[in-house]
file coords-v1.txt (compact mmCIF, C-alpha atoms and all ligand atoms)
# COMPACT_ATOMS: atom_id res chain seq x y z
CA MET A 1 -2.26 -13.05 31.20
CA SER A 2 -4.36 -14.24 34.14
CA THR A 3 -5.39 -17.74 33.25
CA SER A 4 -5.79 -19.00 36.81
CA PRO A 5 -7.17 -22.51 36.40
CA THR A 6 -10.68 -22.66 37.82
CA SER A 7 -12.53 -25.94 38.16
CA SER A 8 -14.30 -25.16 34.90
CA THR A 9 -11.05 -24.62 32.97
CA SER A 10 -9.48 -27.82 34.27
CA THR A 11 -12.37 -29.95 33.02
CA ALA A 12 -12.30 -27.86 29.85
CA ARG A 13 -8.72 -29.03 29.39
CA SER A 14 -9.65 -32.71 29.55
CA ARG A 15 -12.57 -32.15 27.19
CA ALA A 16 -10.24 -30.26 24.82
CA ASP A 17 -7.89 -33.25 24.85
CA ARG A 18 -10.82 -35.42 23.84
CA ILE A 19 -11.78 -33.00 21.05
CA THR A 20 -8.36 -33.21 19.41
CA GLU A 21 -8.40 -37.03 19.74
CA ARG A 22 -11.82 -37.08 18.10
CA CYS A 23 -10.63 -34.80 15.29
CA ASP A 24 -7.94 -37.42 14.64
CA LEU A 25 -10.55 -40.22 14.58
CA LEU A 26 -12.82 -38.27 12.21
CA ALA A 27 -9.82 -37.57 9.97
CA ARG A 28 -9.59 -41.30 9.22
CA GLU A 29 -13.05 -41.27 7.64
CA SER A 30 -12.03 -40.09 4.21
CA ALA A 31 -12.40 -40.84 0.52
CA GLU A 32 -8.61 -40.79 0.11
CA ASP A 33 -5.94 -42.62 2.09
CA GLY A 34 -3.68 -40.27 4.01
CA LYS A 35 -5.82 -37.25 3.12
CA ILE A 36 -9.06 -35.84 4.52
CA THR A 37 -11.80 -35.61 1.90
CA ARG A 38 -15.43 -35.94 3.02
CA LEU A 39 -18.01 -34.78 0.54
CA TYR A 40 -21.78 -34.73 0.88
CA GLY A 41 -23.67 -38.01 0.65
CA THR A 42 -20.61 -40.29 0.66
CA PRO A 43 -19.95 -43.43 2.77
CA GLU A 44 -17.13 -41.62 4.62
CA LEU A 45 -19.47 -38.78 5.57
CA ARG A 46 -21.90 -41.38 6.92
CA ALA A 47 -19.14 -43.18 8.85
CA ALA A 48 -18.04 -39.92 10.44
CA ARG A 49 -21.67 -39.14 11.31
CA ASP A 50 -21.92 -42.51 13.09
CA LEU A 51 -18.95 -41.51 15.26
CA LEU A 52 -20.49 -38.11 16.08
CA GLN A 53 -23.83 -39.71 16.89
CA GLY A 54 -22.18 -42.15 19.30
CA TRP A 55 -20.39 -39.31 21.11
CA MET A 56 -23.61 -37.28 21.31
CA ARG A 57 -25.47 -40.22 22.85
CA ALA A 58 -22.67 -40.87 25.31
CA ALA A 59 -22.99 -37.23 26.39
CA GLY A 60 -26.63 -37.82 27.28
CA MET A 61 -28.19 -36.36 24.15
CA THR A 62 -31.05 -37.75 22.11
CA THR A 63 -30.19 -37.66 18.44
CA ARG A 64 -32.08 -37.29 15.20
CA ILE A 65 -31.09 -37.19 11.55
CA ASP A 66 -33.11 -34.83 9.40
CA HIS A 67 -34.19 -35.27 5.78
CA ALA A 68 -30.99 -33.70 4.43
CA GLY A 69 -28.83 -35.99 6.55
CA ASN A 70 -27.84 -33.40 9.16
CA LEU A 71 -27.27 -34.84 12.65
CA ILE A 72 -28.82 -33.10 15.63
CA GLY A 73 -28.14 -33.95 19.27
CA ARG A 74 -30.46 -32.56 21.93
CA TYR A 75 -29.84 -32.07 25.64
CA GLU A 76 -33.12 -31.17 27.29
CA ALA A 77 -33.63 -28.26 29.64
CA ALA A 78 -34.30 -28.80 33.32
CA SER A 79 -37.66 -30.55 33.76
CA THR A 80 -38.93 -27.69 35.92
CA VAL A 81 -38.80 -25.31 32.94
CA ALA A 82 -41.97 -25.15 30.87
CA ASP A 83 -41.67 -24.21 27.16
CA ALA A 84 -37.88 -24.04 27.30
CA LYS A 85 -36.30 -22.58 24.19
CA THR A 86 -33.34 -24.10 22.39
CA PHE A 87 -29.85 -22.70 21.99
CA ILE A 88 -27.93 -24.19 19.05
CA ILE A 89 -24.21 -24.91 18.83
CA GLY A 90 -23.36 -25.71 15.23
CA GLY A 91 -20.61 -26.96 12.98
CA HIS A 92 -20.14 -29.04 9.84
CA TRP A 93 -18.36 -32.31 9.24
CA ASP A 94 -18.02 -32.29 5.46
CA SER A 95 -14.70 -31.02 4.13
CA VAL A 96 -12.92 -29.67 1.10
CA ARG A 97 -10.58 -32.03 -0.81
CA ASP A 98 -7.34 -32.75 1.06
CA ALA A 99 -8.63 -30.74 4.02
CA GLY A 100 -7.43 -30.03 7.52
CA ARG A 101 -9.00 -31.78 10.49
CA TYR A 102 -10.48 -28.87 12.45
CA ASP A 103 -12.49 -26.73 10.01
CA GLY A 104 -16.12 -27.49 10.85
CA THR A 105 -15.54 -30.47 13.13
CA LEU A 106 -14.26 -28.18 15.89
CA GLY A 107 -17.71 -26.58 16.01
CA VAL A 108 -19.59 -29.88 16.34
CA LEU A 109 -17.14 -31.32 18.87
CA SER A 110 -17.13 -28.11 20.96
CA GLY A 111 -20.90 -28.39 21.18
CA ILE A 112 -20.65 -32.01 22.33
CA ALA A 113 -17.94 -30.99 24.84
CA ALA A 114 -20.17 -28.25 26.25
CA VAL A 115 -22.93 -30.80 26.84
CA GLU A 116 -20.42 -33.22 28.37
CA GLY A 117 -19.54 -30.48 30.85
CA LEU A 118 -23.19 -30.22 31.87
CA GLN A 119 -23.53 -33.99 32.01
CA GLU A 120 -20.41 -34.37 34.20
CA ALA A 121 -21.75 -31.69 36.54
CA GLY A 122 -25.14 -33.42 36.57
CA SER A 123 -26.79 -30.18 35.59
CA ARG A 124 -29.44 -29.03 33.17
CA LEU A 125 -30.00 -25.46 32.10
CA ASP A 126 -33.17 -23.42 31.71
CA VAL A 127 -32.69 -23.79 27.96
CA ALA A 128 -32.33 -26.93 25.84
CA ILE A 129 -29.06 -27.28 23.95
CA GLU A 130 -28.95 -28.67 20.43
CA VAL A 131 -25.67 -29.57 18.79
CA MET A 132 -26.27 -29.29 15.09
CA ALA A 133 -23.85 -31.03 12.74
CA PHE A 134 -24.38 -29.88 9.15
CA ALA A 135 -23.75 -32.45 6.41
CA ASP A 136 -22.65 -29.98 3.73
CA GLU A 137 -21.23 -26.53 4.34
CA GLU A 138 -18.28 -26.43 1.94
CA GLY A 139 -20.38 -27.21 -1.13
CA VAL A 140 -17.56 -29.06 -2.90
CA ARG A 141 -19.70 -31.73 -4.57
CA PHE A 142 -22.57 -29.56 -5.82
CA HIS A 143 -20.76 -26.21 -5.91
CA THR A 144 -23.29 -24.59 -3.58
CA ALA A 145 -22.41 -23.69 0.00
CA PHE A 146 -24.60 -24.14 3.11
CA LEU A 147 -26.67 -27.02 1.67
CA GLY A 148 -26.98 -28.55 5.16
CA SER A 149 -28.15 -25.49 7.04
CA SER A 150 -30.49 -24.10 4.39
CA PRO A 151 -33.34 -26.58 4.95
CA VAL A 152 -32.95 -26.05 8.71
CA ALA A 153 -33.28 -22.30 8.18
CA GLY A 154 -36.18 -22.82 5.75
CA SER A 155 -34.25 -21.33 2.83
CA PHE A 156 -33.64 -24.43 0.71
CA ASP A 157 -34.65 -23.81 -2.90
CA PRO A 158 -36.23 -26.99 -4.40
CA ALA A 159 -34.68 -26.03 -7.76
CA TRP A 160 -31.30 -27.00 -6.24
CA LEU A 161 -32.37 -30.68 -6.24
CA ALA A 162 -31.65 -30.78 -9.97
CA MET A 163 -28.04 -29.57 -9.57
CA THR A 164 -25.54 -32.24 -10.60
CA ASP A 165 -22.12 -33.28 -9.36
CA ASP A 166 -19.20 -34.04 -11.71
CA GLU A 167 -20.64 -37.52 -12.38
CA GLY A 168 -24.06 -36.20 -13.34
CA ILE A 169 -25.73 -37.35 -10.10
CA THR A 170 -28.36 -34.87 -8.96
CA LEU A 171 -28.54 -33.46 -5.47
CA GLY A 172 -31.96 -35.09 -5.11
CA GLU A 173 -30.43 -38.50 -5.90
CA ALA A 174 -27.53 -37.87 -3.52
CA ILE A 175 -29.92 -37.00 -0.69
CA LEU A 176 -31.81 -40.27 -1.27
CA GLU A 177 -28.56 -42.23 -1.45
CA PHE A 178 -27.56 -40.65 1.88
CA GLY A 179 -30.77 -41.94 3.46
CA GLY A 180 -32.59 -38.61 3.34
CA ASP A 181 -35.77 -37.53 1.62
CA PRO A 182 -35.61 -34.66 -0.88
CA ASP A 183 -39.40 -34.27 -0.82
CA ARG A 184 -39.49 -33.63 2.91
CA LEU A 185 -36.69 -31.09 3.36
CA VAL A 186 -39.34 -28.50 4.09
CA ASP A 187 -40.12 -30.43 7.30
CA ASP A 188 -36.55 -29.82 8.52
CA ALA A 189 -37.16 -26.09 9.00
CA LEU A 190 -36.97 -24.96 12.61
CA ASP A 191 -39.65 -22.76 14.14
CA PRO A 192 -37.82 -19.48 14.88
CA ASP A 193 -39.97 -19.04 18.01
CA ASP A 194 -38.37 -22.15 19.52
CA VAL A 195 -34.79 -21.02 18.99
CA LEU A 196 -32.89 -18.64 21.23
CA GLY A 197 -29.71 -18.31 19.22
CA PHE A 198 -26.86 -19.98 17.36
CA ILE A 199 -23.11 -20.07 17.84
CA GLU A 200 -20.36 -21.83 15.93
CA VAL A 201 -16.84 -22.31 17.25
CA HIS A 202 -14.49 -22.30 14.27
CA ILE A 203 -10.78 -21.99 13.57
CA GLU A 204 -9.88 -18.43 12.64
CA GLN A 205 -8.57 -19.22 9.11
CA GLY A 206 -6.38 -16.13 9.47
CA PRO A 207 -3.29 -15.08 11.43
CA VAL A 208 -4.62 -12.28 13.68
CA LEU A 209 -5.03 -14.26 16.92
CA GLN A 210 -1.57 -15.77 16.53
CA ASP A 211 -0.22 -12.30 15.95
CA ARG A 212 -1.99 -10.90 19.02
CA ASP A 213 -1.17 -13.97 21.15
CA VAL A 214 -4.80 -14.50 22.19
CA PRO A 215 -6.62 -17.88 22.00
CA VAL A 216 -10.13 -16.84 20.97
CA ALA A 217 -12.02 -13.98 19.31
CA VAL A 218 -15.55 -12.66 19.02
CA VAL A 219 -16.76 -12.63 15.43
CA THR A 220 -18.55 -9.34 14.83
CA GLY A 221 -19.99 -10.53 11.55
CA ILE A 222 -19.44 -12.38 8.34
CA THR A 223 -18.32 -10.33 5.44
CA GLY A 224 -20.41 -9.70 2.36
CA SER A 225 -19.23 -10.30 -1.17
CA ALA A 226 -19.74 -8.93 -4.63
CA ARG A 227 -18.87 -11.10 -7.61
CA ALA A 228 -18.61 -10.54 -11.30
CA GLU A 229 -17.30 -12.03 -14.51
CA ILE A 230 -15.60 -9.73 -17.00
CA GLU A 231 -15.09 -10.49 -20.68
CA PHE A 232 -12.77 -8.73 -23.08
CA THR A 233 -13.07 -9.39 -26.81
CA GLY A 234 -10.40 -8.25 -29.25
CA ILE A 235 -9.07 -9.98 -32.34
CA ALA A 236 -7.10 -13.22 -32.31
CA GLY A 237 -4.15 -13.33 -34.65
CA HIS A 238 -0.71 -14.72 -35.43
CA ALA A 239 1.85 -13.90 -32.74
CA GLY A 240 4.57 -13.58 -35.38
CA THR A 241 2.91 -11.39 -37.96
CA ILE A 242 0.65 -8.84 -36.22
CA PRO A 243 2.66 -5.72 -35.29
CA MET A 244 2.48 -4.65 -31.66
CA THR A 245 0.86 -1.34 -32.59
CA LEU A 246 -2.04 -3.02 -34.41
CA ARG A 247 -2.97 -5.59 -31.79
CA ARG A 248 -6.31 -5.89 -30.02
CA ASP A 249 -5.02 -8.34 -27.38
CA ALA A 250 -7.71 -9.31 -24.86
CA LEU A 251 -5.17 -10.88 -22.51
CA THR A 252 -3.12 -7.71 -22.00
CA GLY A 253 -6.42 -6.00 -21.14
CA SER A 254 -7.05 -8.68 -18.54
CA ALA A 255 -3.53 -8.28 -17.18
CA GLU A 256 -4.18 -4.59 -16.57
CA LEU A 257 -7.47 -5.37 -14.91
CA ILE A 258 -5.94 -7.97 -12.58
CA LEU A 259 -3.44 -5.39 -11.32
CA ALA A 260 -6.22 -2.80 -10.94
CA VAL A 261 -8.21 -5.29 -8.84
CA GLU A 262 -5.17 -5.73 -6.60
CA ARG A 263 -4.70 -1.96 -6.30
CA VAL A 264 -8.36 -1.37 -5.39
CA GLY A 265 -8.23 -4.26 -2.89
CA ARG A 266 -5.26 -2.65 -1.18
CA SER A 267 -6.82 0.81 -1.10
CA VAL A 268 -9.28 0.25 1.78
CA GLU A 269 -8.68 -1.38 5.17
CA GLY A 270 -10.39 -4.77 5.31
CA LEU A 271 -11.21 -4.91 1.60
CA VAL A 272 -10.07 -8.01 -0.30
CA ALA A 273 -10.38 -8.36 -4.07
CA THR A 274 -9.34 -11.34 -6.12
CA VAL A 275 -9.18 -12.57 -9.69
CA GLY A 276 -9.04 -16.32 -9.12
CA LYS A 277 -9.76 -17.52 -12.61
CA LEU A 278 -8.75 -16.34 -16.06
CA GLU A 279 -9.45 -18.06 -19.37
CA ALA A 280 -7.89 -16.93 -22.62
CA GLU A 281 -8.94 -18.05 -26.09
CA PRO A 282 -7.92 -19.52 -28.36
CA GLY A 283 -5.21 -20.33 -25.80
CA ALA A 284 -2.11 -21.08 -27.85
CA SER A 285 1.44 -19.86 -27.36
CA ASN A 286 1.69 -18.45 -30.88
CA VAL A 287 -1.70 -16.73 -31.03
CA VAL A 288 -2.69 -13.30 -29.69
CA ALA A 289 -5.66 -13.90 -27.40
CA GLY A 290 -8.89 -12.70 -28.94
CA HIS A 291 -11.12 -13.31 -25.98
CA THR A 292 -10.76 -13.52 -22.20
CA ARG A 293 -13.08 -14.22 -19.33
CA GLN A 294 -12.06 -13.53 -15.73
CA THR A 295 -13.72 -13.67 -12.34
CA LEU A 296 -13.85 -11.04 -9.63
CA ASP A 297 -14.49 -11.79 -5.95
CA LEU A 298 -14.60 -8.72 -3.74
CA ARG A 299 -15.35 -8.78 -0.01
CA HIS A 300 -15.90 -6.24 2.75
CA PRO A 301 -18.42 -6.15 5.62
CA ASP A 302 -19.68 -2.68 4.60
CA PRO A 303 -21.93 -2.74 1.51
CA ASP A 304 -21.05 0.90 0.70
CA VAL A 305 -17.36 0.05 0.53
CA ARG A 306 -18.14 -2.87 -1.78
CA ALA A 307 -20.33 -0.71 -3.99
CA ARG A 308 -17.67 2.01 -4.30
CA ALA A 309 -14.99 -0.55 -5.18
CA ILE A 310 -17.26 -2.15 -7.79
CA ASP A 311 -18.01 1.26 -9.32
CA GLU A 312 -14.31 2.02 -9.52
CA LEU A 313 -13.55 -1.32 -11.21
CA ASN A 314 -16.44 -0.89 -13.63
CA GLU A 315 -14.84 2.37 -14.71
CA VAL A 316 -11.44 0.64 -15.04
CA VAL A 317 -12.97 -2.06 -17.27
CA ARG A 318 -14.65 0.58 -19.46
CA GLU A 319 -11.43 2.58 -19.73
CA ILE A 320 -9.27 -0.45 -20.60
CA GLY A 321 -11.77 -1.48 -23.27
CA GLU A 322 -11.80 1.99 -24.83
CA ARG A 323 -8.05 2.52 -24.80
CA ARG A 324 -7.23 -0.97 -26.12
CA SER A 325 -10.14 -1.20 -28.59
CA LEU A 326 -11.57 -4.22 -26.82
CA GLU A 327 -15.22 -4.98 -26.34
CA ALA A 328 -15.63 -5.05 -22.56
CA VAL A 329 -18.61 -6.71 -20.88
CA TRP A 330 -19.24 -6.83 -17.13
CA HIS A 331 -21.60 -9.56 -15.82
CA ASP A 332 -22.68 -9.32 -12.18
CA SER A 333 -22.66 -12.75 -10.46
CA PRO A 334 -24.57 -13.50 -7.26
CA GLY A 335 -22.65 -12.45 -4.15
CA PHE A 336 -23.91 -12.54 -0.59
CA ALA A 337 -24.89 -9.86 1.89
CA GLU A 338 -22.91 -9.31 5.07
CA THR A 339 -24.26 -11.03 8.22
CA PRO A 340 -23.69 -9.03 11.38
CA SER A 341 -23.54 -11.01 14.62
CA ASP A 342 -26.30 -10.38 17.15
CA PRO A 343 -25.27 -7.50 19.48
CA ALA A 344 -26.71 -9.06 22.67
CA LEU A 345 -25.21 -12.47 21.95
CA ASN A 346 -21.87 -10.84 21.21
CA GLN A 347 -21.96 -8.87 24.44
CA ALA A 348 -22.54 -12.14 26.30
CA LEU A 349 -19.62 -13.69 24.40
CA ARG A 350 -17.33 -10.73 25.18
CA ASP A 351 -18.27 -11.01 28.87
CA ALA A 352 -17.54 -14.74 28.83
CA ILE A 353 -14.12 -14.18 27.23
CA GLU A 354 -13.25 -11.50 29.79
CA GLY A 355 -14.61 -13.73 32.55
CA GLU A 356 -12.02 -16.34 31.55
CA GLY A 357 -9.29 -13.71 31.77
CA TYR A 358 -8.62 -13.13 28.09
CA PRO A 359 -8.56 -9.83 26.24
CA VAL A 360 -11.44 -9.34 23.83
CA VAL A 361 -10.37 -9.44 20.19
CA GLU A 362 -13.05 -8.71 17.61
CA LEU A 363 -12.76 -10.06 14.09
CA PHE A 364 -15.07 -10.34 11.16
CA SER A 365 -15.05 -13.46 9.08
CA GLY A 366 -13.87 -13.19 5.51
CA ALA A 367 -15.18 -16.69 4.77
CA GLY A 368 -18.83 -17.72 4.66
CA HIS A 369 -20.26 -19.98 7.39
CA ASP A 370 -23.60 -21.60 8.30
CA ALA A 371 -24.28 -18.60 10.57
CA VAL A 372 -25.12 -16.73 7.33
CA THR A 373 -28.06 -19.09 6.73
CA MET A 374 -29.06 -19.44 10.38
CA ALA A 375 -29.21 -15.65 10.83
CA ALA A 376 -32.48 -15.70 8.88
CA ILE A 377 -34.23 -17.42 11.79
CA THR A 378 -32.27 -16.64 14.96
CA PRO A 379 -29.58 -14.39 16.50
CA VAL A 380 -26.14 -15.72 15.53
CA THR A 381 -22.53 -15.30 16.50
CA MET A 382 -19.27 -17.18 16.15
CA MET A 383 -16.15 -17.67 18.24
CA PHE A 384 -12.84 -18.02 16.42
CA VAL A 385 -10.00 -20.14 17.81
CA ARG A 386 -6.38 -19.34 17.02
CA CYS A 387 -4.92 -21.63 14.36
CA LYS A 388 -1.30 -22.03 13.42
CA ASP A 389 -0.12 -19.46 10.86
CA GLY A 390 -3.75 -18.85 9.91
CA ILE A 391 -3.72 -21.88 7.61
CA SER A 392 -7.01 -23.63 6.74
CA HIS A 393 -8.42 -25.84 3.97
CA ASN A 394 -5.06 -27.55 4.11
CA PRO A 395 -3.65 -30.64 5.91
CA ALA A 396 -1.37 -28.26 7.86
CA GLU A 397 -4.37 -26.90 9.79
CA SER A 398 -3.37 -26.92 13.46
CA VAL A 399 -4.75 -25.84 16.85
CA THR A 400 -3.42 -26.34 20.38
CA VAL A 401 -5.24 -28.20 23.15
CA ASP A 402 -4.79 -25.12 25.36
CA ASP A 403 -6.59 -22.90 22.87
CA VAL A 404 -9.42 -25.39 22.43
CA ALA A 405 -9.69 -25.59 26.25
CA ALA A 406 -9.96 -21.80 26.37
CA ALA A 407 -12.79 -21.92 23.81
CA ILE A 408 -14.61 -24.62 25.79
CA ALA A 409 -14.31 -22.67 29.05
CA VAL A 410 -15.69 -19.56 27.31
CA LEU A 411 -18.51 -21.61 25.79
CA ASP A 412 -19.39 -23.09 29.24
CA ARG A 413 -19.58 -19.59 30.65
CA LEU A 414 -21.61 -18.28 27.71
CA LEU A 415 -24.19 -21.07 28.01
CA GLY A 416 -24.53 -20.34 31.73
CA SER A 417 -25.21 -16.68 31.07
CA ILE A 418 -27.65 -17.37 28.22
CA ALA A 419 -29.56 -19.80 30.44
CA SER A 420 -29.77 -17.34 33.34
CA THR A 421 -30.87 -14.53 31.00
CA ALA A 422 -33.57 -16.82 29.61
CA ALA A 423 -34.67 -17.74 33.15
CA THR A 424 -34.85 -14.07 34.18
CA ALA A 425 -36.84 -13.21 31.08
CA LYS A 426 -39.47 -15.76 32.07
CA VAL A 427 -39.99 -14.40 35.60
ZN ZN B 1 -15.88 -24.35 8.13

call {"tool": "encode", "arguments": {"input": "coords-v1.txt", "output": "structure tokens", "more": "lines below"}}
Ligand SMILES: [Zn+2]
result
Amino acid sequence: MSTSPTSSTSTARSRADRITERCDLLARESAEDGKITRLYGTPELRAARDLLQGWMRAAGMTTRIDHAGNLIGRYEAASTVADAKTFIIGGHWDSVRDAGRYDGTLGVLSGIAAVEGLQEAGSRLDVAIEVMAFADEEGVRFHTAFLGSSPVAGSFDPAWLAMTDDEGITLGEAILEFGGDPDRLVDDALDPDDVLGFIEVHIEQGPVLQDRDVPVAVVTGITGSARAEIEFTGIAGHAGTIPMTLRRDALTGSAELILAVERVGRSVEGLVATVGKLEAEPGASNVVAGHTRQTLDLRHPDPDVRARAIDELNEVVREIGERRSLEAVWHDSPGFAETPSDPALNQALRDAIEGEGYPVVELFSGAGHDAVTMAAITPVTMMFVRCKDGISHNPAESVTVDDVAAAIAVLDRLLGSIASTAATAKV
């Protein structure tokens, strides 16, 4: 592979070194010793934000904290440019419990590194750059994802303020505790006319780049999901006295359904289908289960594929219920629509990857990201970075400095091309 070091890739390497050092420093800000756990509104989230804010300022950015507690660093456009638009590089610095150190933070730190590159070169672009660090993407504390980016995208639902964490603290109270203002979240919304686009650099969370031996990938879109909860009701009874032929066992119905979900998931390229939770009642070793409740999470970027799979599983549920004399009820749960990346932004990203001498690998994301929310107001894309064995949401999360340097060099090149396109559009 031609990775001839240009001047841009050599400074990318030193900035990549700094990124991994900073990931280590952020990792220390945690609710648990020896583990990384940073949930929304907590002192450790605030301490990590202080670090990010210091690095943004050192890179020549002005910083602001919005009413949800998100941190935004801004690097102005060249002073000769009137009405410059803003290009956003995003990421999140909250985490799951016992997390890895790169999920989310890599996006924020890549944005800071991109600005450091401009600062070191003494240059400003024809567009302003904002590095947007979202305070809650994982949604661990309030069980709702994208809480940080939704006010920014103008899609925050005030009803969410009443949601409670495991201690009964409401989101509204947590926002206040974090120094924000739940009544003014509406003021955090960006004006779409001011924004040119959004990118997040994120670890792949899958093994494809490792398999293909390529450092980065273009994300063609974020998958959509369909979710449901299925209940079977039979008759509970004594495990020793009810003959096998007379049983109406809800749990054996569920067992069949779980295997059917796996079969359907395997039947189409790119489809994934999961039963992650199963409850059986009354839940005793010597009692035939009279009632079960199980979840279904089904994902594919094509809504038609999802709809066909859901239809097929609906039929399976009906058939199991009939054959086993179980009452079968299917409840649809809210899923999310697929978010395609912006074609023009993706072409620019492909060109930047090729410009750095790497083959273009295209992936779609099976996990949700803030780009889903941001897509409502601006063109979005993402760049994935190879991670070891595809592991994420786990302390074993690992990236190499070389791969991060590749991502930074691509990002430098992308920003240059976005700025020159914006300049041309003005002429
Ligand atoms: Zn993430």

call {"tool": "closest_atom_pairs", "arguments": {"input": "coords-v1.txt", "of": "chain A", "to": "ligand ZN 1 (chain B)", "cutoff": "10 Å", "atoms": "all atoms listed in the file", "output": "tab-separated table"}}
result
residue	atom	partner	partner_atom	distance
A:Gly91	CA	B:ZN1	ZN	7.3
A:His92	CA	B:ZN1	ZN	6.6
A:Trp93	CA	B:ZN1	ZN	8.4
A:Asp94	CA	B:ZN1	ZN	8.6
A:Ser95	CA	B:ZN1	ZN	7.9
A:Val96	CA	B:ZN1	ZN	9.3
A:Tyr102	CA	B:ZN1	ZN	8.3
A:Asp103	CA	B:ZN1	ZN	4.5
A:Gly104	CA	B:ZN1	ZN	4.2
A:Thr105	CA	B:ZN1	ZN	7.9
A:Leu106	CA	B:ZN1	ZN	8.8
A:Gly107	CA	B:ZN1	ZN	8.4
A:Asp136	CA	B:ZN1	ZN	9.8
A:Glu137	CA	B:ZN1	ZN	6.9
A:Glu138	CA	B:ZN1	ZN	7.0
A:Glu200	CA	B:ZN1	ZN	9.3
A:Val201	CA	B:ZN1	ZN	9.4
A:His202	CA	B:ZN1	ZN	6.6
A:Ile203	CA	B:ZN1	ZN	7.8
A:Glu204	CA	B:ZN1	ZN	9.6
A:Gln205	CA	B:ZN1	ZN	9.0
A:Ala367	CA	B:ZN1	ZN	8.4
A:Gly368	CA	B:ZN1	ZN	8.0
A:His369	CA	B:ZN1	ZN	6.2
A:Asp370	CA	B:ZN1	ZN	8.2
A:Ser392	CA	B:ZN1	ZN	9.0
A:His393	CA	B:ZN1	ZN	8.7

call {"tool": "residues_around", "arguments": {"input": "coords-v1.txt", "residues": "Pro282 of chain A", "least_positions_apart": "4", "cutoff": "9 Å", "atoms": "all atoms listed in the file", "output": "ChimeraX atom specification"}}
result
/A:236,287-291

call {"tool": "residues_around", "arguments": {"input": "coords-v1.txt", "residues": "Glu356 of chain A", "least_positions_apart": "4", "cutoff": "8 Å", "atoms": "all atoms listed in the file", "output": "NGL selection string"}}
result
:A and (3 or 352 or 406 or 409-410)

call {"tool": "atom_distance", "arguments": {"input": "coords-v1.txt", "atom1": "atom CA of Asp403 of chain A", "atom2": "atom CA of Ser420 of chain A"}}
result
26.0 Å

call {"tool": "closest_residue", "arguments": {"input": "coords-v1.txt", "among": "A:Val329, A:Ala68, A:Val108, A:Leu257", "to": "Ser150 of chain A", "atoms": "all atoms listed in the file"}}
result
A:Ala68

call {"tool": "atom_distance", "arguments": {"input": "coords-v1.txt", "atom1": "atom CA of Glu262 of chain A", "atom2": "atom CA of Trp330 of chain A"}}
result
17.6 Å

call {"tool": "residues_near_point", "arguments": {"input": "coords-v1.txt", "point": "(-31.1, -22.0, 23.9)", "cutoff": "12 Å", "atoms": "all atoms listed in the file", "output": "ChimeraX atom specification"}}
result
/A:74-77,83-89,124-131,192-199,345,378-380,414-423

call {"tool": "write_last_selection", "arguments": {"input": "coords-v1.txt", "atoms": "C-alpha atoms", "output": "mmCIF file, keeping the file's coordinate frame"}}
result
data_model
loop_
_atom_site.group_PDB
_atom_site.id
_atom_site.type_symbol
_atom_site.label_atom_id
_atom_site.label_comp_id
_atom_site.auth_asym_id
_atom_site.auth_seq_id
_atom_site.Cartn_x
_atom_site.Cartn_y
_atom_site.Cartn_z
ATOM 1 C CA ARG A 74 -30.460 -32.560 21.930
ATOM 2 C CA TYR A 75 -29.840 -32.070 25.640
ATOM 3 C CA GLU A 76 -33.120 -31.170 27.290
ATOM 4 C CA ALA A 77 -33.630 -28.260 29.640
ATOM 5 C CA ASP A 83 -41.670 -24.210 27.160
ATOM 6 C CA ALA A 84 -37.880 -24.040 27.300
ATOM 7 C CA LYS A 85 -36.300 -22.580 24.190
ATOM 8 C CA THR A 86 -33.340 -24.100 22.390
ATOM 9 C CA PHE A 87 -29.850 -22.700 21.990
ATOM 10 C CA ILE A 88 -27.930 -24.190 19.050
ATOM 11 C CA ILE A 89 -24.210 -24.910 18.830
ATOM 12 C CA ARG A 124 -29.440 -29.030 33.170
ATOM 13 C CA LEU A 125 -30.000 -25.460 32.100
ATOM 14 C CA ASP A 126 -33.170 -23.420 31.710
ATOM 15 C CA VAL A 127 -32.690 -23.790 27.960
ATOM 16 C CA ALA A 128 -32.330 -26.930 25.840
ATOM 17 C CA ILE A 129 -29.060 -27.280 23.950
ATOM 18 C CA GLU A 130 -28.950 -28.670 20.430
ATOM 19 C CA VAL A 131 -25.670 -29.570 18.790
ATOM 20 C CA PRO A 192 -37.820 -19.480 14.880
ATOM 21 C CA ASP A 193 -39.970 -19.040 18.010
ATOM 22 C CA ASP A 194 -38.370 -22.150 19.520
ATOM 23 C CA VAL A 195 -34.790 -21.020 18.990
ATOM 24 C CA LEU A 196 -32.890 -18.640 21.230
ATOM 25 C CA GLY A 197 -29.710 -18.310 19.220
ATOM 26 C CA PHE A 198 -26.860 -19.980 17.360
ATOM 27 C CA ILE A 199 -23.110 -20.070 17.840
ATOM 28 C CA LEU A 345 -25.210 -12.470 21.950
ATOM 29 C CA THR A 378 -32.270 -16.640 14.960
ATOM 30 C CA PRO A 379 -29.580 -14.390 16.500
ATOM 31 C CA VAL A 380 -26.140 -15.720 15.530
ATOM 32 C CA LEU A 414 -21.610 -18.280 27.710
ATOM 33 C CA LEU A 415 -24.190 -21.070 28.010
ATOM 34 C CA GLY A 416 -24.530 -20.340 31.730
ATOM 35 C CA SER A 417 -25.210 -16.680 31.070
ATOM 36 C CA ILE A 418 -27.650 -17.370 28.220
ATOM 37 C CA ALA A 419 -29.560 -19.800 30.440
ATOM 38 C CA SER A 420 -29.770 -17.340 33.340
ATOM 39 C CA THR A 421 -30.870 -14.530 31.000
ATOM 40 C CA ALA A 422 -33.570 -16.820 29.610
ATOM 41 C CA ALA A 423 -34.670 -17.740 33.150
#
